[in-house]
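S.K.: There's a structure below that I have some questions on.
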Amino acid sequence: MKGFSAIAGLIYALALGGALGLGLTWWATGADFQLGALRLGPWTAWPLADPLEADRYSRARIARSGDLPLGPGEGLAFTAREDSAGRALDGACRYRLAGILPEARWWTLSLYDKDGRLMRNPSDRAGFTSTAVLRGAEGAVTVSVAPDLQSGNWLPSAPGKVSLVLRLYDSPISTGLATDFGARRAIALPEIERLSCRAGGGS
């Protein structure tokens, strides 16, 4: 009887350890895992997630998400799931993105739904590029994200969780960023200001 209890206890310990290990691995490779993350306001990037030389955690995160990150010589992608006040982005709300964009030869700004797919809408517009965006005084760029029609650069949204991805191509900030902490703090990214929400949207 004692032998059976010992075996049962061993099986329980192994099962518990395995479950905890898998759970921690799943958490560690989640979209919001902060190991190696560069956080600037509402924007997050992973400079260490080079698909060729990534560490094991970054490789696991890449495998889980299915995203192929830009290499250091290509550029850097910043993702925002919150506004500048720390509130989760909701497609039922109206947002304004404004501010200085980091130096880059080319950039794109895309809106994704809760499942990580490009936002579908009647306008068939889920993003802008630096060559197809209206500019104001001195080249300033302002983008609106909203469920209703907006003037200027408008990304149509729908109620539910959304995220924004700003990709900077051929940008000097993507080289040496993993180790140059001074350079990290000097980067300026657009503010994401929530203007209003439809009934039931936001929190």
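We label chains A, B, ... in the order they appear in the structure tokens, count residues from 1 in each chain, and number ligands from 1 in the order shown.
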Got a sec: who's within 12 Å of Ile192 (chain A), counting only C-alpha atoms, leaving out chain neighbours fewer than 2 positions off, as a PyMOL selection string?
M.R.: chain A and resi 40-43+79-89+93-99+142-145+163-164+189-190+194-195
S.K.: Please produce a file of those selected residues containing N, CA, C and O atoms, as a short mmCIF file (atom, residue, chain, number, x, y, z; two decimals), in the first residue's frame.
M.R.:
```
data_model
loop_
_atom_site.label_atom_id
_atom_site.label_comp_id
_atom_site.auth_asym_id
_atom_site.auth_seq_id
_atom_site.Cartn_x
_atom_site.Cartn_y
_atom_site.Cartn_z
N LEU A 40 7.98 51.97 -25.09
CA LEU A 40 8.02 53.42 -25.22
C LEU A 40 6.59 53.94 -25.28
O LEU A 40 5.94 53.87 -26.31
N GLY A 41 6.09 54.44 -24.13
CA GLY A 41 4.70 54.86 -24.06
C GLY A 41 3.81 53.66 -24.31
O GLY A 41 4.02 52.59 -23.74
N PRO A 42 2.82 53.78 -25.19
CA PRO A 42 1.94 52.63 -25.46
C PRO A 42 2.53 51.63 -26.45
O PRO A 42 1.92 50.59 -26.71
N TRP A 43 3.71 51.91 -26.98
CA TRP A 43 4.30 51.08 -28.03
C TRP A 43 5.33 50.11 -27.46
O TRP A 43 6.10 50.45 -26.58
N THR A 79 4.26 47.66 -31.57
CA THR A 79 2.85 47.30 -31.42
C THR A 79 2.25 48.05 -30.24
O THR A 79 2.87 48.20 -29.20
N ALA A 80 1.01 48.53 -30.42
CA ALA A 80 0.28 49.21 -29.34
C ALA A 80 -1.06 48.52 -29.14
O ALA A 80 -1.82 48.36 -30.10
N ARG A 81 -1.33 48.11 -27.91
CA ARG A 81 -2.63 47.53 -27.56
C ARG A 81 -3.35 48.40 -26.54
O ARG A 81 -4.44 48.08 -26.10
N GLU A 82 -2.70 49.50 -26.17
CA GLU A 82 -3.27 50.46 -25.22
C GLU A 82 -3.08 51.87 -25.76
O GLU A 82 -2.22 52.11 -26.62
N ASP A 83 -3.87 52.81 -25.24
CA ASP A 83 -3.64 54.20 -25.59
C ASP A 83 -2.57 54.77 -24.66
O ASP A 83 -2.01 54.06 -23.81
N SER A 84 -2.28 56.06 -24.80
CA SER A 84 -1.21 56.66 -24.01
C SER A 84 -1.57 56.78 -22.53
O SER A 84 -0.69 57.03 -21.70
N ALA A 85 -2.84 56.58 -22.19
CA ALA A 85 -3.28 56.61 -20.79
C ALA A 85 -3.32 55.21 -20.19
O ALA A 85 -3.72 55.04 -19.05
N GLY A 86 -2.93 54.19 -20.98
CA GLY A 86 -2.89 52.83 -20.46
C GLY A 86 -4.19 52.06 -20.58
O GLY A 86 -4.33 50.97 -20.02
N ARG A 87 -5.17 52.60 -21.32
CA ARG A 87 -6.45 51.91 -21.50
C ARG A 87 -6.41 51.06 -22.77
O ARG A 87 -5.88 51.50 -23.79
N ALA A 88 -6.98 49.86 -22.70
CA ALA A 88 -6.96 48.96 -23.85
C ALA A 88 -7.64 49.61 -25.04
O ALA A 88 -8.68 50.26 -24.91
N LEU A 89 -7.04 49.43 -26.22
CA LEU A 89 -7.63 49.99 -27.43
C LEU A 89 -8.92 49.24 -27.77
O LEU A 89 -8.97 48.02 -27.76
N CYS A 93 -14.11 53.12 -29.96
CA CYS A 93 -13.66 54.45 -29.54
C CYS A 93 -12.97 55.20 -30.69
O CYS A 93 -12.53 54.58 -31.66
N ARG A 94 -12.89 56.50 -30.54
CA ARG A 94 -12.18 57.35 -31.50
C ARG A 94 -10.82 57.71 -30.91
O ARG A 94 -10.73 58.14 -29.75
N TYR A 95 -9.77 57.55 -31.72
CA TYR A 95 -8.40 57.84 -31.28
C TYR A 95 -7.72 58.78 -32.29
O TYR A 95 -8.05 58.78 -33.48
N ARG A 96 -6.79 59.54 -31.76
CA ARG A 96 -5.96 60.38 -32.62
C ARG A 96 -4.50 60.05 -32.35
O ARG A 96 -4.04 60.05 -31.20
N LEU A 97 -3.76 59.76 -33.41
CA LEU A 97 -2.33 59.51 -33.32
C LEU A 97 -1.60 60.71 -33.90
O LEU A 97 -1.84 61.10 -35.04
N ALA A 98 -0.76 61.29 -33.10
CA ALA A 98 -0.02 62.47 -33.54
C ALA A 98 1.31 62.52 -32.82
O ALA A 98 1.46 61.99 -31.71
N GLY A 99 2.27 63.14 -33.45
CA GLY A 99 3.59 63.28 -32.83
C GLY A 99 4.69 63.02 -33.83
O GLY A 99 4.45 62.70 -35.00
N THR A 142 -1.07 63.17 -38.82
CA THR A 142 -2.08 62.84 -37.81
C THR A 142 -3.01 61.79 -38.39
O THR A 142 -3.48 61.93 -39.52
N VAL A 143 -3.25 60.73 -37.63
CA VAL A 143 -4.11 59.63 -38.08
C VAL A 143 -5.25 59.45 -37.10
O VAL A 143 -5.05 59.48 -35.87
N SER A 144 -6.46 59.27 -37.63
CA SER A 144 -7.63 59.00 -36.80
C SER A 144 -8.00 57.53 -36.92
O SER A 144 -8.00 56.97 -38.01
N VAL A 145 -8.32 56.91 -35.78
CA VAL A 145 -8.85 55.55 -35.74
C VAL A 145 -10.24 55.66 -35.12
O VAL A 145 -10.37 56.11 -33.98
N SER A 163 -5.48 46.46 -32.19
CA SER A 163 -4.08 46.81 -31.95
C SER A 163 -3.54 47.54 -33.16
O SER A 163 -4.05 47.38 -34.29
N LEU A 164 -2.53 48.34 -32.93
CA LEU A 164 -1.87 49.09 -33.99
C LEU A 164 -0.43 48.62 -34.11
O LEU A 164 0.23 48.38 -33.09
N LEU A 189 7.83 58.36 -30.34
CA LEU A 189 6.78 57.69 -31.11
C LEU A 189 5.46 58.44 -30.92
O LEU A 189 5.29 59.17 -29.94
N PRO A 190 4.52 58.27 -31.85
CA PRO A 190 3.26 59.02 -31.76
C PRO A 190 2.48 58.71 -30.49
O PRO A 190 2.44 57.57 -30.02
N ARG A 194 -7.19 58.95 -26.75
CA ARG A 194 -8.59 58.55 -26.89
C ARG A 194 -9.46 59.79 -26.78
O ARG A 194 -9.39 60.52 -25.79
N LEU A 195 -10.31 60.02 -27.79
CA LEU A 195 -11.14 61.21 -27.83
C LEU A 195 -12.54 60.95 -27.27
O LEU A 195 -13.06 61.76 -26.51
#
```
S.K.: Using only C-alpha atoms, which of A:Leu118, A:Leu101, A:Ala132, A:Leu109 sits nearest Ala188 (chain A)?
M.R.: A:Leu101
S.K.: For CA of Ala45 (chain A) and CA of Val162 (chain A), determine how far apart the two atoms are, in Å to one decimal place.
M.R.: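 Computing it gives 16.9 Å between the two atoms.
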S.K.: Which residues are near Phe78 (chain A)? Cut-off 8 Å, only C-alpha atoms, ignore same chain within fewer than 4 positions. Put them as a list in words.
M.R.: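 Once the nearby chain positions are removed, what remains is Trp43, Thr44, Ala45, Trp46, Val165, Leu166 and Arg167 of chain A.
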S.K.: From region 138-174 of chain A, collect each residue whose DSSP state is helix (DSSP H, G or I) and return the set as a list of chain:residue names.
M.R.: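 Of region 138-174 of chain A, the ones in helix (DSSP H, G or I) are A:Glu138, A:Gly139, A:Pro172, A:Ile173, A:Ser174.
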S.K.: Could you take the residues named above and write them with N, CA and C atoms, as a CSV table (one decimal), in the first residue's frame?
M.R.:
```
chain,number,residue,atom,x,y,z
A,138,GLU,N,4.8,71.4,-42.1
A,138,GLU,CA,6.1,70.8,-41.8
A,138,GLU,C,6.1,69.3,-41.9
A,139,GLY,N,5.2,68.7,-42.7
A,139,GLY,CA,5.2,67.3,-42.8
A,139,GLY,C,4.6,66.5,-41.7
A,172,PRO,N,17.6,54.0,-38.9
A,172,PRO,CA,18.8,54.0,-38.1
A,172,PRO,C,18.6,53.5,-36.6
A,173,ILE,N,17.4,53.6,-36.1
A,173,ILE,CA,17.1,53.3,-34.7
A,173,ILE,C,17.1,51.7,-34.5
A,174,SER,N,17.0,51.0,-35.6
A,174,SER,CA,16.9,49.5,-35.5
A,174,SER,C,18.3,48.9,-35.4
```
S.K.: So, counting only C-alpha atoms, which residue among A:Leu38, A:Leu76, A:Ile7, A:Cys197 is closest to Pro102 (chain A)?
M.R.: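 Under the stated criterion, the closest residue is A:Leu76.
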S.K.: Nearest residue to Asp90 (chain A) out of A:Ala199, A:Ala158, A:Ala126, A:Val133, using only C-alpha atoms?
M.R.: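 Closest candidate: A:Ala158.
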S.K.: Take CA of Ala140 (chain A) and CA of Arg105 (chain A) and report the distance between them in Å, one decimal.
M.R.: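 Between CA of Ala140 (chain A) and CA of Arg105 (chain A) the gap works out to 15.7 Å.
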